[in-house]
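Novice: structure-v5.txt is the file, holding compact mmCIF, C-alpha atoms:
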# COMPACT_ATOMS: atom_id res chain seq x y z
CA MET S 1 0.00 0.00 0.00
CA LEU S 2 2.67 2.48 1.10
CA THR S 3 4.98 1.59 -1.77
CA ARG S 4 2.12 2.05 -4.23
CA LEU S 5 1.37 5.47 -2.79
CA LYS S 6 5.03 6.42 -3.00
CA ALA S 7 5.19 5.30 -6.61
CA MET S 8 2.13 7.29 -7.43
CA LEU S 9 3.48 10.41 -5.77
CA ARG S 10 6.76 10.03 -7.60
CA ARG S 11 4.93 9.74 -10.91
CA TRP S 12 2.91 12.85 -10.17
CA TRP S 13 5.95 14.75 -9.12
CA ARG S 14 7.71 13.89 -12.31
CA VAL S 15 4.79 15.23 -14.33
CA PHE S 16 4.69 18.36 -12.24
CA SER S 17 8.38 19.13 -12.26
CA LYS S 18 8.83 18.62 -15.97
CA PRO S 19 8.54 21.82 -17.97
CA SER S 20 5.48 21.79 -20.14
CA VAL S 21 6.10 20.84 -23.77
CA HIS S 22 2.62 20.67 -25.19
CA LEU S 23 0.60 23.14 -23.17
CA SER S 24 0.62 26.86 -23.74
CA LEU S 25 1.43 29.29 -21.00
CA GLY S 26 -2.04 30.75 -21.33
CA PHE S 27 -3.66 27.38 -20.75
CA LEU S 28 -1.52 26.73 -17.72
CA THR S 29 -2.30 30.08 -16.18
CA LEU S 30 -5.99 29.68 -16.79
CA GLY S 31 -5.95 26.08 -15.56
CA GLY S 32 -4.12 27.08 -12.44
CA PHE S 33 -6.57 29.88 -11.90
CA LEU S 34 -9.57 27.56 -12.28
CA ALA S 35 -8.07 24.91 -10.05
CA GLY S 36 -7.46 27.64 -7.48
CA VAL S 37 -11.04 28.80 -7.71
CA ILE S 38 -12.35 25.28 -7.29
CA PHE S 39 -10.10 24.49 -4.37
CA TRP S 40 -10.73 27.86 -2.74
CA GLY S 41 -14.47 27.57 -3.31
CA GLY S 42 -14.59 24.08 -1.87
CA PHE S 43 -12.65 25.16 1.16
CA ASN S 44 -14.85 28.15 1.73
CA THR S 45 -18.01 26.12 1.16
CA ALA S 46 -16.90 23.74 3.87
CA MET S 47 -16.16 26.74 6.06
CA GLU S 48 -19.54 28.20 5.24
CA TYR S 49 -21.26 25.00 6.22
CA ALA S 50 -19.41 24.99 9.51
CA ASN S 51 -20.95 28.42 10.08
CA THR S 52 -24.57 27.37 9.76
CA GLU S 53 -26.84 27.09 12.74
CA GLU S 54 -27.50 23.51 11.64
CA PHE S 55 -23.84 22.61 12.13
CA CYS S 56 -23.48 24.48 15.41
CA ILE S 57 -26.42 22.81 17.05
CA GLY S 58 -25.68 19.45 15.43
CA CYS S 59 -24.33 18.18 18.69
CA HIS S 60 -26.62 17.85 21.65
CA GLU S 61 -24.31 19.84 23.94
CA MET S 62 -25.16 22.99 22.01
CA ARG S 63 -28.72 22.09 21.08
CA GLU S 64 -29.82 21.38 24.62
CA ASN S 65 -28.02 24.17 26.44
CA VAL S 66 -27.10 27.36 24.65
CA TYR S 67 -29.54 27.00 21.74
CA VAL S 68 -32.58 26.58 23.96
CA GLU S 69 -31.49 29.63 25.90
CA LEU S 70 -30.96 31.69 22.77
CA GLN S 71 -34.52 30.94 21.70
CA GLU S 72 -35.93 32.94 24.61
CA THR S 73 -34.05 36.07 23.61
CA VAL S 74 -34.63 39.00 21.29
CA HIS S 75 -31.78 37.79 19.10
CA PHE S 76 -33.82 34.75 18.09
CA SER S 77 -37.16 36.36 17.35
CA ASN S 78 -38.22 39.98 17.40
CA PRO S 79 -40.65 42.34 15.65
CA SER S 80 -38.24 43.04 12.80
CA GLY S 81 -37.52 39.38 12.04
CA VAL S 82 -33.73 39.72 12.02
CA ARG S 83 -32.10 36.72 13.66
CA ALA S 84 -28.58 36.49 14.98
CA THR S 85 -27.31 32.94 14.55
CA CYS S 86 -24.37 31.35 16.33
CA SER S 87 -21.77 32.36 13.77
CA ASP S 88 -22.93 36.01 13.68
CA CYS S 89 -21.69 36.42 17.23
CA HIS S 90 -19.01 33.77 17.42
CA VAL S 91 -17.16 33.84 14.10
CA PRO S 92 -15.28 36.95 12.99
CA HIS S 93 -15.94 38.07 9.40
CA GLU S 94 -12.37 39.14 8.75
CA TRP S 95 -10.67 36.18 7.02
CA SER S 96 -7.51 35.82 9.13
CA TYR S 97 -9.48 36.12 12.36
CA LYS S 98 -11.94 33.61 10.96
CA ILE S 99 -9.26 30.98 10.35
CA ALA S 100 -7.76 31.62 13.77
CA ARG S 101 -11.17 31.20 15.41
CA LYS S 102 -11.80 28.03 13.40
CA MET S 103 -8.57 26.52 14.64
CA GLN S 104 -9.54 27.44 18.15
CA ALA S 105 -12.95 25.89 17.51
CA SER S 106 -11.32 22.61 16.46
CA LYS S 107 -10.30 22.35 20.07
CA GLU S 108 -13.93 22.68 21.04
CA VAL S 109 -14.91 19.93 18.58
CA TRP S 110 -12.13 17.88 20.15
CA GLY S 111 -13.78 18.61 23.50
CA LYS S 112 -17.00 17.22 22.15
CA VAL S 113 -15.48 14.05 20.73
CA PHE S 114 -13.71 13.26 23.96
CA GLY S 115 -16.63 14.16 26.12
CA THR S 116 -15.38 17.11 28.20
CA ILE S 117 -18.82 18.75 28.04
CA ASP S 118 -21.12 15.87 27.12
CA THR S 119 -23.53 16.18 30.06
CA PRO S 120 -25.39 19.28 31.31
CA GLU S 121 -23.40 19.06 34.55
CA LYS S 122 -20.05 18.93 32.78
CA PHE S 123 -21.17 21.77 30.53
CA GLU S 124 -22.24 23.85 33.50
CA ALA S 125 -18.91 23.19 35.20
CA LYS S 126 -16.99 24.27 32.10
CA ARG S 127 -19.28 27.17 31.27
CA ARG S 128 -17.43 29.90 33.12
CA GLU S 129 -14.23 29.05 31.27
CA LEU S 130 -15.96 28.99 27.87
CA ALA S 131 -17.74 32.27 28.62
CA GLU S 132 -14.48 33.90 29.68
CA HIS S 133 -12.95 33.02 26.30
CA GLU S 134 -15.81 34.81 24.55
CA TRP S 135 -15.67 37.84 26.83
CA ALA S 136 -11.92 38.13 26.34
CA ARG S 137 -12.24 37.81 22.59
CA LEU S 138 -15.02 40.43 22.35
CA LYS S 139 -13.18 42.74 24.71
CA ALA S 140 -10.02 42.46 22.60
CA ASN S 141 -11.76 43.17 19.28
CA ASP S 142 -13.99 45.93 20.72
CA SER S 143 -17.10 43.75 20.29
CA LEU S 144 -16.61 43.54 16.55
CA GLU S 145 -19.31 40.91 16.02
CA CYS S 146 -21.92 43.01 17.81
CA ARG S 147 -20.92 46.01 15.76
CA ASN S 148 -21.38 44.09 12.50
CA CYS S 149 -25.10 44.50 13.17
CA HIS S 150 -25.27 47.31 15.71
CA ASP S 151 -23.46 50.30 14.27
CA PHE S 152 -22.70 52.89 16.93
CA SER S 153 -22.86 55.76 14.46
CA SER S 154 -26.36 54.67 13.41
CA MET S 155 -27.74 54.59 16.93
CA ASP S 156 -30.52 57.12 17.41
CA PHE S 157 -30.24 58.06 21.07
CA THR S 158 -33.54 59.90 21.00
CA ARG S 159 -35.23 56.61 20.29
CA GLN S 160 -33.44 54.65 22.99
CA SER S 161 -34.55 54.48 26.57
CA GLU S 162 -33.10 57.21 28.74
CA ARG S 163 -30.73 54.90 30.59
CA ALA S 164 -29.52 53.26 27.38
CA ALA S 165 -28.83 56.64 25.79
CA LEU S 166 -27.03 57.82 28.92
CA GLN S 167 -24.64 54.86 28.88
CA HIS S 168 -24.13 54.79 25.12
CA SER S 169 -23.42 58.51 24.87
CA THR S 170 -20.88 58.42 27.68
CA ALA S 171 -18.97 55.23 28.50
CA LEU S 172 -19.50 53.68 25.06
CA ALA S 173 -18.92 56.83 23.03
CA SER S 174 -15.68 57.61 24.85
CA GLY S 175 -14.37 54.11 24.21
CA ASP S 176 -14.13 53.57 27.94
CA LYS S 177 -16.27 50.47 27.68
CA THR S 178 -17.38 48.16 24.90
CA CYS S 179 -20.66 46.30 24.33
CA ILE S 180 -19.65 43.13 26.15
CA ASP S 181 -18.68 45.06 29.30
CA CYS S 182 -22.33 45.98 29.85
CA HIS S 183 -24.22 43.33 27.87
CA LYS S 184 -23.03 39.99 29.15
CA GLY S 185 -25.59 37.21 29.02
CA ILE S 186 -27.73 38.71 26.24
CA ALA S 187 -27.85 35.41 24.34
CA HIS S 188 -27.41 32.67 26.92
CA HIS S 189 -27.77 32.10 30.65
CA LEU S 190 -24.73 33.24 32.58
CA PRO S 191 -22.33 30.99 34.45
CA ASP S 192 -21.50 31.56 38.12
CA MET S 193 -20.48 35.23 38.06
CA SER S 194 -18.62 35.48 41.34
CA GLY S 195 -15.53 37.61 40.83
CA VAL S 196 -16.66 39.11 37.53
CA PRO S 197 -16.47 42.92 37.85
CA GLY S 198 -19.91 44.39 38.51
CA TRP S 199 -21.63 41.07 39.01
CA ASP S 200 -20.61 39.86 42.43
CA MET F 1 -94.70 19.37 51.52
CA LYS F 2 -92.39 16.99 49.69
CA LYS F 3 -93.06 18.83 46.46
CA LEU F 4 -92.25 22.16 48.07
CA ILE F 5 -88.90 20.90 49.36
CA MET F 6 -88.08 19.56 45.94
CA LEU F 7 -89.01 22.85 44.33
CA ILE F 8 -86.86 24.83 46.78
CA GLY F 9 -83.99 22.43 46.24
CA PHE F 10 -84.31 22.78 42.49
CA ILE F 11 -84.35 26.57 42.63
CA THR F 12 -81.30 26.70 44.92
CA LEU F 13 -79.43 24.40 42.58
CA MET F 14 -80.35 26.51 39.55
CA THR F 15 -79.30 29.78 41.18
CA ALA F 16 -76.10 28.19 42.39
CA SER F 17 -75.13 27.05 38.93
CA PHE F 18 -76.25 30.37 37.50
CA ALA F 19 -74.15 32.22 40.05
CA GLU F 20 -71.18 30.12 39.06
CA ASN F 21 -71.30 31.60 35.57
CA GLN F 22 -71.18 35.06 37.06
CA ILE F 23 -67.84 34.58 38.73
CA ALA F 24 -65.25 36.71 36.98
CA THR F 25 -62.40 34.58 35.74
CA LEU F 26 -59.35 35.58 33.77
CA ARG F 27 -60.17 33.04 31.07
CA GLY F 28 -63.44 34.85 30.36
CA GLU F 29 -66.39 33.22 28.63
CA THR F 30 -64.48 30.46 26.88
CA VAL F 31 -65.50 26.95 27.91
CA LEU F 32 -62.81 24.70 29.34
CA THR F 33 -62.54 22.54 26.26
CA ASP F 34 -61.79 25.52 23.98
CA GLU F 35 -58.58 27.40 23.53
CA PRO F 36 -59.22 31.12 24.11
CA VAL F 37 -57.58 33.66 21.83
CA ALA F 38 -54.72 35.18 23.79
CA PRO F 39 -54.82 38.97 24.11
CA LEU F 40 -52.01 40.90 22.45
CA MET F 41 -48.78 41.28 24.40
CA MET F 42 -48.59 44.87 25.60
CA PRO F 43 -45.18 46.53 25.68
CA GLU F 44 -43.66 47.20 29.07
CA VAL F 45 -43.49 50.81 30.22
CA ASN F 46 -39.91 51.90 29.50
CA ASP F 47 -39.81 55.65 30.16
CA ASP F 48 -37.55 55.60 33.25
CA ARG F 49 -39.95 58.00 35.06
CA ARG F 50 -40.33 57.32 38.77
CA LEU F 51 -43.86 57.17 40.17
CA SER F 52 -44.91 58.29 43.62
CA ARG F 53 -45.67 55.53 46.09
CA ASP F 54 -49.01 55.03 47.79
CA TYR F 55 -47.49 54.58 51.26
CA PRO F 56 -43.94 55.05 52.62
CA MET F 57 -42.93 51.39 52.67
CA ALA F 58 -44.41 50.58 49.27
CA ALA F 59 -42.03 48.78 46.96
CA PRO F 60 -41.52 51.03 43.92
CA THR F 61 -42.58 49.65 40.55
CA ILE F 62 -39.93 49.29 37.84
CA PRO F 63 -40.13 52.10 35.28
CA HIS F 64 -38.33 50.15 32.55
CA LYS F 65 -38.59 46.85 30.75
CA THR F 66 -36.94 43.84 32.24
CA ASP F 67 -37.56 41.06 29.74
CA GLY F 68 -34.60 38.77 29.48
CA TYR F 69 -33.25 39.93 32.84
CA ARG F 70 -32.27 36.81 34.75
CA ILE F 71 -32.10 36.40 38.50
CA ASP F 72 -30.74 33.05 39.55
CA LEU F 73 -28.04 31.49 41.65
CA ASN F 74 -25.38 32.44 39.10
CA SER F 75 -26.27 36.01 38.29
CA ASN F 76 -28.60 38.88 39.09
CA LYS F 77 -29.09 41.34 36.26
CA CYS F 78 -30.92 43.90 38.46
CA LEU F 79 -27.99 44.19 40.85
CA PHE F 80 -25.65 44.76 37.91
CA CYS F 81 -27.00 48.34 37.93
CA HIS F 82 -28.72 48.80 41.31
CA ASN F 83 -26.17 47.34 43.71
CA ARG F 84 -24.22 49.68 45.99
CA GLN F 85 -20.95 49.52 44.06
CA GLN F 86 -22.61 49.88 40.66
CA VAL F 87 -24.68 53.03 40.97
CA SER F 88 -21.91 55.51 40.21
CA ALA F 89 -21.42 53.93 36.79
CA SER F 90 -25.06 53.12 36.08
CA GLN F 91 -26.66 56.18 37.75
CA ALA F 92 -29.50 53.88 38.78
CA PRO F 93 -31.09 54.29 42.23
CA MET F 94 -29.37 52.09 44.82
CA ILE F 95 -31.41 49.33 46.41
CA SER F 96 -32.92 50.36 49.75
CA VAL F 97 -30.68 50.02 52.79
CA THR F 98 -33.31 47.70 54.29
CA HIS F 99 -32.17 45.18 51.68
CA PHE F 100 -28.88 44.70 53.47
CA MET F 101 -30.62 43.72 56.70
CA ASN F 102 -31.09 40.06 57.46
CA SER F 103 -34.07 38.61 59.32
CA ASP F 104 -32.37 39.20 62.68
CA GLY F 105 -32.09 42.92 61.94
CA ASN F 106 -28.32 42.89 61.42
CA PHE F 107 -26.82 44.81 58.53
CA LEU F 108 -24.73 42.76 56.13
CA ALA F 109 -22.00 43.80 53.70
CA ASP F 110 -24.01 42.63 50.70
CA VAL F 111 -27.65 42.11 49.75
CA SER F 112 -29.45 39.91 52.22
CA PRO F 113 -30.49 36.54 50.80
CA ASN F 114 -34.14 37.22 51.66
CA ARG F 115 -34.06 40.29 49.38
CA TYR F 116 -32.21 38.69 46.48
CA PHE F 117 -35.20 37.94 44.26
CA CYS F 118 -36.09 41.49 43.23
CA ASN F 119 -39.22 40.65 41.28
CA GLN F 120 -40.96 39.21 44.30
CA CYS F 121 -41.76 42.84 45.17
CA HIS F 122 -40.78 44.99 42.18
CA VAL F 123 -42.36 44.55 38.78
CA SER F 124 -42.34 46.24 35.40
CA GLN F 125 -45.61 47.85 34.35
CA GLN F 126 -47.78 47.65 31.28
CA ALA F 127 -50.18 50.37 30.19
CA VAL F 128 -53.33 48.23 30.24
CA ASP F 129 -56.77 48.42 31.84
CA VAL F 130 -57.01 46.58 35.12
CA LEU F 131 -58.32 43.05 34.63
CA ILE F 132 -60.38 43.10 37.81
CA GLU F 133 -61.59 46.28 39.52
CA ASN F 134 -60.38 46.84 43.05
CA GLU F 135 -60.95 49.47 45.68
CA PHE F 136 -57.40 50.16 46.69
CA ILE F 137 -56.71 53.77 47.67
CA SER F 138 -53.47 55.48 48.54
CA MET F 139 -52.59 56.24 52.13
CA ASP F 140 -53.06 59.95 51.51
CA GLU F 141 -56.57 59.37 50.25
CA LEU F 142 -57.27 57.21 53.29
CA LEU F 143 -56.08 59.96 55.68
CA LYS F 144 -58.11 62.56 53.82
CA ARG F 145 -61.26 60.50 54.12
CA ALA F 146 -60.58 59.85 57.80
CA HIS F 147 -60.25 63.60 58.45
CA GLU F 148 -63.43 64.36 56.57
CA SER F 149 -65.48 61.87 58.58
CA HIS F 150 -64.38 63.41 61.91
What would you get if you wrote out this structure as structure tokens?
Specialist:
Amino acid sequence: MLTRLKAMLRRWWRVFSKPSVHLSLGFLTLGGFLAGVIFWGGFNTAMEYANTEEFCIGCHEMRENVYVELQETVHFSNPSGVRATCSDCHVPHEWSYKIARKMQASKEVWGKVFGTIDTPEKFEAKRRELAEHEWARLKANDSLECRNCHDFSSMDFTRQSERAALQHSTALASGDKTCIDCHKGIAHHLPDMSGVPGWD
Amino acid sequence: MKKLIMLIGFITLMTASFAENQIATLRGETVLTDEPVAPLMMPEVNDDRRLSRDYPMAAPTIPHKTDGYRIDLNSNKCLFCHNRQQVSASQAPMISVTHFMNSDGNFLADVSPNRYFCNQCHVSQQAVDVLIENEFISMDELLKRAHESH
């Protein structure tokens, strides 16, 4: 088996390393371009699929904990019919961030396969740690994912409640605080908050 | 005689069952086997305007919406703004000092466990007609009436 694979690779390599005799430069460029598109597309399609709600709640850990909790919130159903799905808040849109987050997420899939959070109790025990990762990430990127939908410069303070406008026009406007500092637990139930500034 | 007793019995039974229909219930006229049409959800009052209280120890109502605010063993969203240490940032009124007192009358450093569940006494309001009339009057009205009758 291994020898056959080696032989095949060697054959391929020989084809690849030999300068082209029959094919025009134009064809090669175009071919390379198309192959790139196909490969790139396939890769991104797989990435896209991994971003769907279907994929995220495919495992019961997510379906039975965080998803159920999300359903009670305004981000799941509201008068305007705009829904925030898992990836809207958890996957950065910027490509390099996205790949980095995906690699981090592989660790979470690993966690699933090896059962670190496969019961509600284990999930609850691990929840604070998982939440802290998300808080740290959103703090570091100035709540980028929130801002993809909620644009500060489009906020009409006159239409917000008085206390919302007060906070947004001061601590938020000055950059002193970011969304996640004040809006923890908007999508899921919170873990034990002892020691978290403002909560204990 | 027997007939009379039967007649009286019959009438009492009829009035009793008739009276039963007169009892005001929240489900209204709908019979038990039917599903009543739910009334529209009214928005919570969210204007942040404080109301005056009907007597000094009355628990104030909440002048803003609170949907999605959780109070459980892990977290208390109300205290995130109304706790002693938070009010300088939030500019929300601090919880009453009585809330730091335990059942023995001693003051604690933090909210007393028997005051932890805010919405046992404080609730958001909706601008709707009262479902059932009541005769509640404020303490001031009570005093005024008492003076007038003397």
Novice: For chain S, which residues have at least one atom within 9 Å of chain F, if we go by only C-alpha atoms? Write them as a list in words, please.
Specialist: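 Contact residues on the first chain: Glu72, Thr73, Val74, Ser161, Glu162, Arg163, Leu166, Gln167, Ala171, Cys182, Gly185, Ile186, His189, Leu190, Pro191, Asp192, Met193, Ser194, Gly198, Trp199 and Asp200 of chain S.
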Novice: Quick check, in Å to one decimal: how far apart do atom CA of S:Asn78 and atom CA of S:Ala50 lie?
Specialist: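 Computed distance, atom CA of S:Asn78 to atom CA of S:Ala50, equals 25.3 Å.
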Novice: One number please: atom CA of S:Arg137 to atom CA of S:Cys59, in Å, one decimal.
Specialist: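 Calculated distance between atom CA of S:Arg137 and atom CA of S:Cys59 is 23.4 Å.
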Novice: Find the spatial neighbours of stretch 125-132 of chain F, counting only C-alpha atoms, within a cut-off of 10 Å - ignore same-chain residues fewer than 3 positions away - and output them as a ChimeraX atom specification.
Specialist: /F:24-26,41-46,61-66,122
Novice: Could you check which of F:Ser88, F:Ser103, F:Thr98, F:Ser112 is closest to F:Met57, using all atoms listed in the file?
Specialist: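 With all atoms listed in the file as the atom set, the closest residue is F:Thr98.
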Novice: Provide the atom CA of F:His82 to atom CA of F:Val111 distance in Å, to one decimal place.
Specialist: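 Rounded to one decimal, the two atoms are 10.8 Å apart.
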Novice: Within 12 Å of S:Met62, counting only C-alpha atoms, which residues show up once you throw out same-chain ones fewer than 6 positions away? Write them as JSON, numbers by chain, please.
Specialist: {"S": [53, 54, 55, 56, 68, 69, 70, 86, 108, 109, 112, 117, 118, 119, 120, 123, 124, 127, 188]}
Novice: Between S:Thr29, S:Ala131, S:Ala7, S:Ala84, single out the one closest to S:His150, counting all atoms listed in the file.
Specialist: S:Ala84
